[in-house]
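The block underneath contains the structure these notes are about, expressed in structure tokens.
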There are 2 protein chains.
Amino acid sequence: MRKFKKILSEEEKNITTALHEEISRLEPVVQPMVTHVIKAGGKRIRPLMTVLMAKALGRNDHEVYSMASALELLHGASLMHDDVVDGAEKRRGSPAAHTVFGASRSILAGDVLLASCMRIVLRSRNFDIIESVAVAAEKTAAGEVEEINNLRNPALDYAGYLRIITGKTAWLIRCACEIGAMSAKASPEQIAAAANFGLELGVAFQLVDDALDIAPEKVTGKPTGGDLREGKVTPLINFYMESLQGKERKDFMQGFTNASFSEQEIAAIVARMRELKCDERTRELANQHLRKAEECLKLIPAGQEHDILFSMIDYIRDRDH
Amino acid sequence: MRKFKKILSEEEKNITTALHEEISRLEPVVQPMVTHVIKAGGKRIRPLMTVLMAKALGRNDHEVYSMASALELLHGASLMHDDVVDGAEKRRGSPAAHTVFGASRSILAGDVLLASCMRIVLRSRNFDIIESVAVAAEKTAAGEVEEINNLRNPALDYAGYLRIITGKTAWLIRCACEIGAMSAKASPEQIAAAANFGLELGVAFQLVDDALDIAPEKVTGKPTGGDLREGKVTPLINFYMESLQGKERKDFMQGFTNASFSEQEIAAIVARMRELKCDERTRELANQHLRKAEECLKLIPAGQEHDILFSMIDYIRDRDH
């Protein structure tokens, strides 16, 4: 990504300007909460992908930035609710919104934000774009419900895991790419390629994220084995379980299901997962999706934006924190 | 309403059919929760108003019912979140969704539902209708945030109170009437009249609801003085405060602000409110809005639906539980 740094910082500036413009148009009572969540930062990956895809396909005007910023707000709405759901104290190093404004206000402000996003994308006067965003909002929340339904369920297979991460993570990135292509009035094939690029990239992103669960805390900034503690079934867990037999397997399943592992046991499991290269094998699964994403890009016209989108594949592949 | 009973029961049947059709199209993981909330019942006032307004203005087909049912779902989404926000154990006599499915699932399923409503109204292919629903969703949640911001704030004046109830209650009823008229391709004047009818009716509905706070529990089924206990500032509180002076007033404001009233004090305040006819005076405020609603109906063509809409004015005026 380094060689695109200047372009990316330029785009980030434009996105931030559009974001603040949209926040200033929100219902006044929710502006402090939304500002808090948006100011906490993040890489603005979703709006960036909308803008890059729209530009790659020939569209380049101010409206693209406001549409793109709607996706960051939708992501923000989702984070506000997630933090209440998870009882998270922090979000990107800052206090989570609900610890500052209370859970009730966070829930309701998230609702305002979700509806506001629909209003922003309505300005596109493009039914396909509006539908894409509504579907993404549905899929994201439904994926999270499905994740909750499968917490501490070691019987969840890879297909089930893929369904969950496609909903909770990949669909919104898919949407970001799709509406970028739609706004550029690209061909149906190009729109489908853009959408699939986002989907595959999103799935790979989550796989890498889950692989990083056994990376050292000093590298990622997150406690090692967090998913194991929270009872999230990821490929790491599946690979680890495959290595177990008989009583050992039964004990693990029981401890995982009942959340009864001691910190010592967690550390031992993480160490064994590293020996078994569960993370590398998870990254290999991510690579399969990244190769598909690469294929999709062939339908996107060559040029600077295409190259930046391509570099995102490397960025996700090589991500180590 | 009695003479319209047959028509209303027919419409309710059609609305229920459309509702279940829409629920069956939702993301499967949220269907049990949505069914739970919708089955708890309610008068389906909002979809009923959409259908009646559409029919009064000449539209009558199946699509109106599915659009109307979207508003009941939006109302359901709002109730799911409200119950979490209020920590309510019951909703219309049934266990509140979050007590059955957990707060996390209720928050997320509410999000799915909100987004699904947008998808349903998208089928109208009418930008004005989609915008009306998005705005209603925004206003409803923003009104609730403003209500929370003003809990136990005895300085909240009538204008502030009106702003809150317009958001949290009236706007969705306004939307129900407005999109009914829009779907019938009524004139801009008729659409505005339909919207204002809903707005005035919604404000009056909430005023009467608040007046009923000092009615006996055996009549309303709700504990007397609930708003007083929860710290909601309604006209009852304002009228009561006007009757107080000096230390008495100061003591009340302190007790209200600090939630420090004993049950004995609550009972004494309620008794005094009754003597001062705070409820009747609140109902008189409602009547002012009902008269405005009556005016609005003059622009809606005469006929059976017009008459039922008119009868709703009487229904709200005379409501005693």
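In the structure tokens, chains take the letters A, B, ... in the order shown, each chain's residues start at 1, and ligands count up from 1 in the order shown.
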
*Within 10 Å of chain B, which residues of chain A are there when counting only C-alpha atoms? Please give them as a PyMOL selection string.*
chain A and resi 26-30+77-78+81-82+84-87+102-120+122-123+125-128+130-146+148-149

Find the residues near range 150-153 of chain A: any atom within 6 Å, counting only C-alpha atoms, skip ones fewer than 5 places away on the same chain, and give them as a PDB file with C-alpha atoms, in the first residue's frame.
```pdb
ATOM      1  CA  GLY A 231     -16.548 -19.199  22.851  1.00  0.00           C
ATOM      2  CA  LYS A 232     -16.380 -18.126  19.205  1.00  0.00           C
ATOM      3  CA  THR A 257     -19.015 -25.487  25.873  1.00  0.00           C
TER       4      THR A 257
END
```

*Rank nothing, just name the residue among B:Cys175, B:Pro32, B:Ala302, B:Thr282 nearest to Phe101 in chain B, using only C-alpha atoms.*
B:Pro32

*Between A:Arg46, A:Arg281, A:Lys185, A:His62, which has the minimum distance to Leu172 in chain A (counting only C-alpha atoms)?*
A:Arg46

*Long-range neighbours of Glu72 in chain B as a ChimeraX atom specification, 8 Å cut-off, only C-alpha atoms, 2 positions minimum in chain*: /B:19,44,46-47,68-70,74-76

*Can you tell me how far CA of Ile308 in chain A sits from CA of Lys13 in chain A, in Å to one decimal?*
16.6 Å

_Residue among A:Lys247, A:Gly180, A:Ala170, A:His321 lying closest to Ala215 in chain A, counting only C-alpha atoms_ =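 Distance minimum relative to Ala215 in chain A lands on A:His321.
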
*Expected answer as an NGL selection string: strand (DSSP E) residues in range 15-251 of chain B*: :B and (90-91 or 94-95)

_Atom pair CA of Thr220 in chain B / CA of Gly93 in chain B: separation (Å)_ =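 Those two atoms sit 12.7 Å apart.
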
*Write down as JSON, numbers by chain the residues of range 210-303 of chain B whose backbone DSSP state falls under helix (DSSP H, G or I).*
{"B": [210, 211, 212, 213, 214, 217, 218, 219, 220, 226, 227, 228, 229, 230, 235, 236, 237, 238, 239, 240, 241, 242, 246, 247, 248, 249, 250, 251, 252, 253, 254, 255, 256, 257, 258, 263, 264, 265, 266, 267, 268, 269, 270, 271, 272, 273, 274, 275, 278, 279, 280, 281, 282, 283, 284, 285, 286, 287, 288, 289, 290, 291, 292, 293, 294, 295, 296, 297]}

*Atom pair CA of Ser94 in chain A / CA of Gly202 in chain A: separation (Å)*: 24.8 Å

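Using only C-alpha atoms, the nearest neighbour of Phe197 in chain A within the list A:Ile316, A:Leu228, A:Cys177, A:Ala267 is A:Cys177.
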